[in-house]
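This report concerns only the one structure given below.
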Number of protein chains: 2
Amino acid sequence: MTPIPRSDLPQGTLDLLILKVIALGPVHGYAIARRLEEVSRGVVQVPEGSLYPALHRLENRGLLAADWKETETGRDAKFYRLTRKGRKHLEGEAASWQRLIDAVGLILAMAEGGGG
Amino acid sequence: MTPIPRSDLPQGTLDLLILKVIALGPVHGYAIARRLEEVSRGVVQVPEGSLYPALHRLENRGLLAADWKETETGRDAKFYRLTRKGRKHLEGEAASWQRLIDAVGLILAMAEGGGG
DNA sequence: GCCCTATACCTTGCACTTCTAGGGGTCCTT
DNA sequence: AAGGACCCCTAGAAGTGCAAGGTATAGGGC
């Protein structure tokens with residue numbers, strides 16, 4: 001069976017997922033990727049070349065803030081947390097996502113006769 | 001009330017929607033855009049600058065084939081239909097989409113304590 | 001000391017898609 | 001003639017994800 005290949009997230013989706021994980025509590029980049037893989041049961045796989053640039057983008061836009069702290073394993077890592085703006089943004093993105101998948105659902109459910 | 005702004009489809013989604021509409025029967029580009037807007041209740045809005053390049057890409061990849069025919073209104077238009085390969089591809093894309101939104105759903109449903 | 005693995009962060013440059021902003025042309029109504 | 005709806009197309013800008021590569025610490029084995 002397929003070991004579940006890379007998911008190739010549609011553009012824009014990655015931000016939503018990252019923001020959501022961070023919303024649950026301060027966490028560093030490496031752990032974000034692990035968490036996404038774990039919770040999505042391997043469907044969502046985030047290469048570091050996608051993850052870190054995304055984190056920096058979100059930080060530059062003022063949606064995230066970061067502090068260096070020590071991890072459980074004794075190493076230094078950059079822990080991200082949501083700013084107020086980031087939390088607002090997450091809410092909006094989540095709503096947009098829901099609206100989108102509803103719309104796509106309608107389209108995919110179209111049948112030969114089905115109009116509206 | 002929101003006049004429902006443009007949806008800004010995540011990358012890759014447009015192909016899926018286009019393929020789905022065409023799967024229901026031969027249809028020309030302009031009508032595809034109308035249909036997507038209509039069925040999605042205005043959430044999905046496809047600018048022509050996105051639509052036509054997408055159609056050409058899909059055609060070049062052998063997923064679509066096209067013929068010029070006359071529309072009901074008496075004008076010439078390029079009617080697209082799915083090739084066998086295109087139909088296969090649509091099935092795969094639809095399955096991927098489902099897998100993706102399930103995975104994203106799991107992630108968005110995560111709570112403070114929730115792991116997997 | 002040296003190598004290897006796992007953890008943890010980072011950057012550069014490319015490929016790709018979408019959108020903006022335009023360009024055609026036909027048919028019908030005003 | 002003017003304007004709108006229909007119908008096709010392209011070039012360039014902008015944004016995002018990916019592959020590939022680099023840095024550094026900690027621990028185990030030799």
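By order in the structure tokens, chains are A, B, ...; within a chain, residues start at 1; ligands start at 1, following the order shown.
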
Fewer than 3 positions away in the same chain doesn't count, so skip those; otherwise give me all residues within 9 Å of range 45-52 of chain B, counting only C-alpha atoms (C1' of nucleotides), as a CSV table (one decimal) with C-alpha atoms (C1' of nucleotides), in the first residue's frame.
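Done, and the output landed in selection.csv:
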chain,number,residue,atom,x,y,z
B,5,PRO,CA,-15.7,38.8,-2.7
B,6,ARG,CA,-13.4,36.9,-4.9
B,7,SER,CA,-12.5,33.5,-3.5
B,8,ASP,CA,-8.8,33.3,-4.3
B,9,LEU,CA,-8.7,29.6,-4.9
B,14,LEU,CA,-9.0,25.3,-10.0
B,18,ILE,CA,-12.8,22.8,-14.2
B,29,GLY,CA,-14.8,28.2,-21.2
B,30,TYR,CA,-17.1,31.0,-20.7
B,32,ILE,CA,-17.5,26.9,-17.2
B,33,ALA,CA,-16.9,30.1,-15.3
B,34,ARG,CA,-20.6,30.9,-15.2
B,36,LEU,CA,-18.8,27.6,-11.1
B,37,GLU,CA,-20.0,30.9,-9.9
B,40,SER,CA,-20.9,27.8,-5.7
B,42,GLY,CA,-20.8,33.2,-6.0
B,55,LEU,CA,-7.7,25.1,-19.9
B,56,HIS,CA,-4.7,25.3,-22.1
B,57,ARG,CA,-2.5,23.6,-19.5
C,17,DT,C1',-0.2,28.8,-10.5
C,18,DT,C1',-3.1,32.7,-10.1
C,19,DC,C1',-4.3,37.4,-10.9
C,20,DT,C1',-4.1,42.0,-13.1
D,8,DC,C1',-11.5,33.8,-27.0
D,9,DC,C1',-6.6,35.0,-25.9
D,10,DT,C1',-1.8,36.7,-23.9

inquiry  = Show me, as number ranges by chain, every residue of chain A with an atom at most 9 Å from chain C, counting only C-alpha atoms (C1' of nucleotides).
reply    = A: 11, 28-30, 52-53, 73, 75-78

inquiry  = Could you work out which residues of chain A fall inside 10 Å of chain B? Count only C-alpha atoms, and format the result as an NGL selection string.
reply    = :A and (7-14 or 16-21 or 23-25 or 35-44 or 94 or 96-116)

request  = Determine which residues of chain B receive a DSSP assignment of helix (DSSP H, G or I), computed from the backbone, and state them as a VMD selection string.
outcome  = chain B and resid 13 to 23 29 to 39 48 to 60 84 to 108

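Here is the contact set of chain D against chain B, at 12 Å and counting only C-alpha atoms (C1' of nucleotides): DA5, DC6, DC7, DC8, DC9, DT10, DA11, DG12, DG15, DT16 and DG17 of chain D.
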
Picked from chain B by DSSP as strand (DSSP E or B), as a PyMOL selection string = chain B and resi 27-28+64-70+76-82

Selected residues written out, N, CA and C atoms, as a PDB file, in the first residue's frame:
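Below is the file that was written, again19.pdb:
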ATOM      1  N   VAL B  27     -18.535  21.526 -22.766  1.00  0.00           N
ATOM      2  CA  VAL B  27     -18.893  22.881 -22.376  1.00  0.00           C
ATOM      3  C   VAL B  27     -17.747  23.821 -22.735  1.00  0.00           C
ATOM      4  N   HIS B  28     -18.066  25.052 -23.051  1.00  0.00           N
ATOM      5  CA  HIS B  28     -17.008  26.002 -23.412  1.00  0.00           C
ATOM      6  C   HIS B  28     -16.585  26.840 -22.216  1.00  0.00           C
ATOM      7  N   LEU B  64      -7.754  17.173 -21.484  1.00  0.00           N
ATOM      8  CA  LEU B  64      -8.921  17.716 -22.172  1.00  0.00           C
ATOM      9  C   LEU B  64      -8.718  17.638 -23.688  1.00  0.00           C
ATOM     10  N   ALA B  65      -9.815  17.584 -24.398  1.00  0.00           N
ATOM     11  CA  ALA B  65      -9.785  17.748 -25.846  1.00  0.00           C
ATOM     12  C   ALA B  65     -10.861  18.761 -26.191  1.00  0.00           C
ATOM     13  N   ALA B  66     -10.714  19.404 -27.338  1.00  0.00           N
ATOM     14  CA  ALA B  66     -11.634  20.495 -27.648  1.00  0.00           C
ATOM     15  C   ALA B  66     -12.041  20.494 -29.115  1.00  0.00           C
ATOM     16  N   ASP B  67     -13.245  20.951 -29.367  1.00  0.00           N
ATOM     17  CA  ASP B  67     -13.729  21.176 -30.727  1.00  0.00           C
ATOM     18  C   ASP B  67     -14.469  22.503 -30.779  1.00  0.00           C
ATOM     19  N   TRP B  68     -14.337  23.157 -31.923  1.00  0.00           N
ATOM     20  CA  TRP B  68     -15.115  24.375 -32.123  1.00  0.00           C
ATOM     21  C   TRP B  68     -16.506  23.996 -32.610  1.00  0.00           C
ATOM     22  N   LYS B  69     -17.480  24.521 -31.880  1.00  0.00           N
ATOM     23  CA  LYS B  69     -18.870  24.278 -32.285  1.00  0.00           C
ATOM     24  C   LYS B  69     -19.656  25.564 -32.089  1.00  0.00           C
ATOM     25  N   GLU B  70     -20.888  25.481 -32.512  1.00  0.00           N
ATOM     26  CA  GLU B  70     -21.744  26.646 -32.366  1.00  0.00           C
ATOM     27  C   GLU B  70     -22.517  26.555 -31.055  1.00  0.00           C
ATOM     28  N   ASP B  76     -19.491  30.944 -32.295  1.00  0.00           N
ATOM     29  CA  ASP B  76     -18.526  29.850 -32.238  1.00  0.00           C
ATOM     30  C   ASP B  76     -17.826  29.842 -30.888  1.00  0.00           C
ATOM     31  N   ALA B  77     -17.661  28.670 -30.339  1.00  0.00           N
ATOM     32  CA  ALA B  77     -16.974  28.550 -29.056  1.00  0.00           C
ATOM     33  C   ALA B  77     -16.233  27.220 -29.013  1.00  0.00           C
ATOM     34  N   LYS B  78     -15.246  27.174 -28.165  1.00  0.00           N
ATOM     35  CA  LYS B  78     -14.410  25.985 -28.062  1.00  0.00           C
ATOM     36  C   LYS B  78     -14.973  25.092 -26.966  1.00  0.00           C
ATOM     37  N   PHE B  79     -15.544  23.989 -27.361  1.00  0.00           N
ATOM     38  CA  PHE B  79     -16.150  23.073 -26.396  1.00  0.00           C
ATOM     39  C   PHE B  79     -15.123  22.043 -25.933  1.00  0.00           C
ATOM     40  N   TYR B  80     -14.974  21.962 -24.632  1.00  0.00           N
ATOM     41  CA  TYR B  80     -14.020  21.013 -24.047  1.00  0.00           C
ATOM     42  C   TYR B  80     -14.733  19.765 -23.575  1.00  0.00           C
ATOM     43  N   ARG B  81     -14.002  18.655 -23.689  1.00  0.00           N
ATOM     44  CA  ARG B  81     -14.499  17.408 -23.104  1.00  0.00           C
ATOM     45  C   ARG B  81     -13.324  16.670 -22.479  1.00  0.00           C
ATOM     46  N   LEU B  82     -13.637  15.753 -21.571  1.00  0.00           N
ATOM     47  CA  LEU B  82     -12.588  14.995 -20.897  1.00  0.00           C
ATOM     48  C   LEU B  82     -12.086  13.871 -21.784  1.00  0.00           C
TER      49      LEU B  82
END

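Here C1' of DA24 in chain D stands at a distance of 13.7 Å from CA of Gly74 in chain A.
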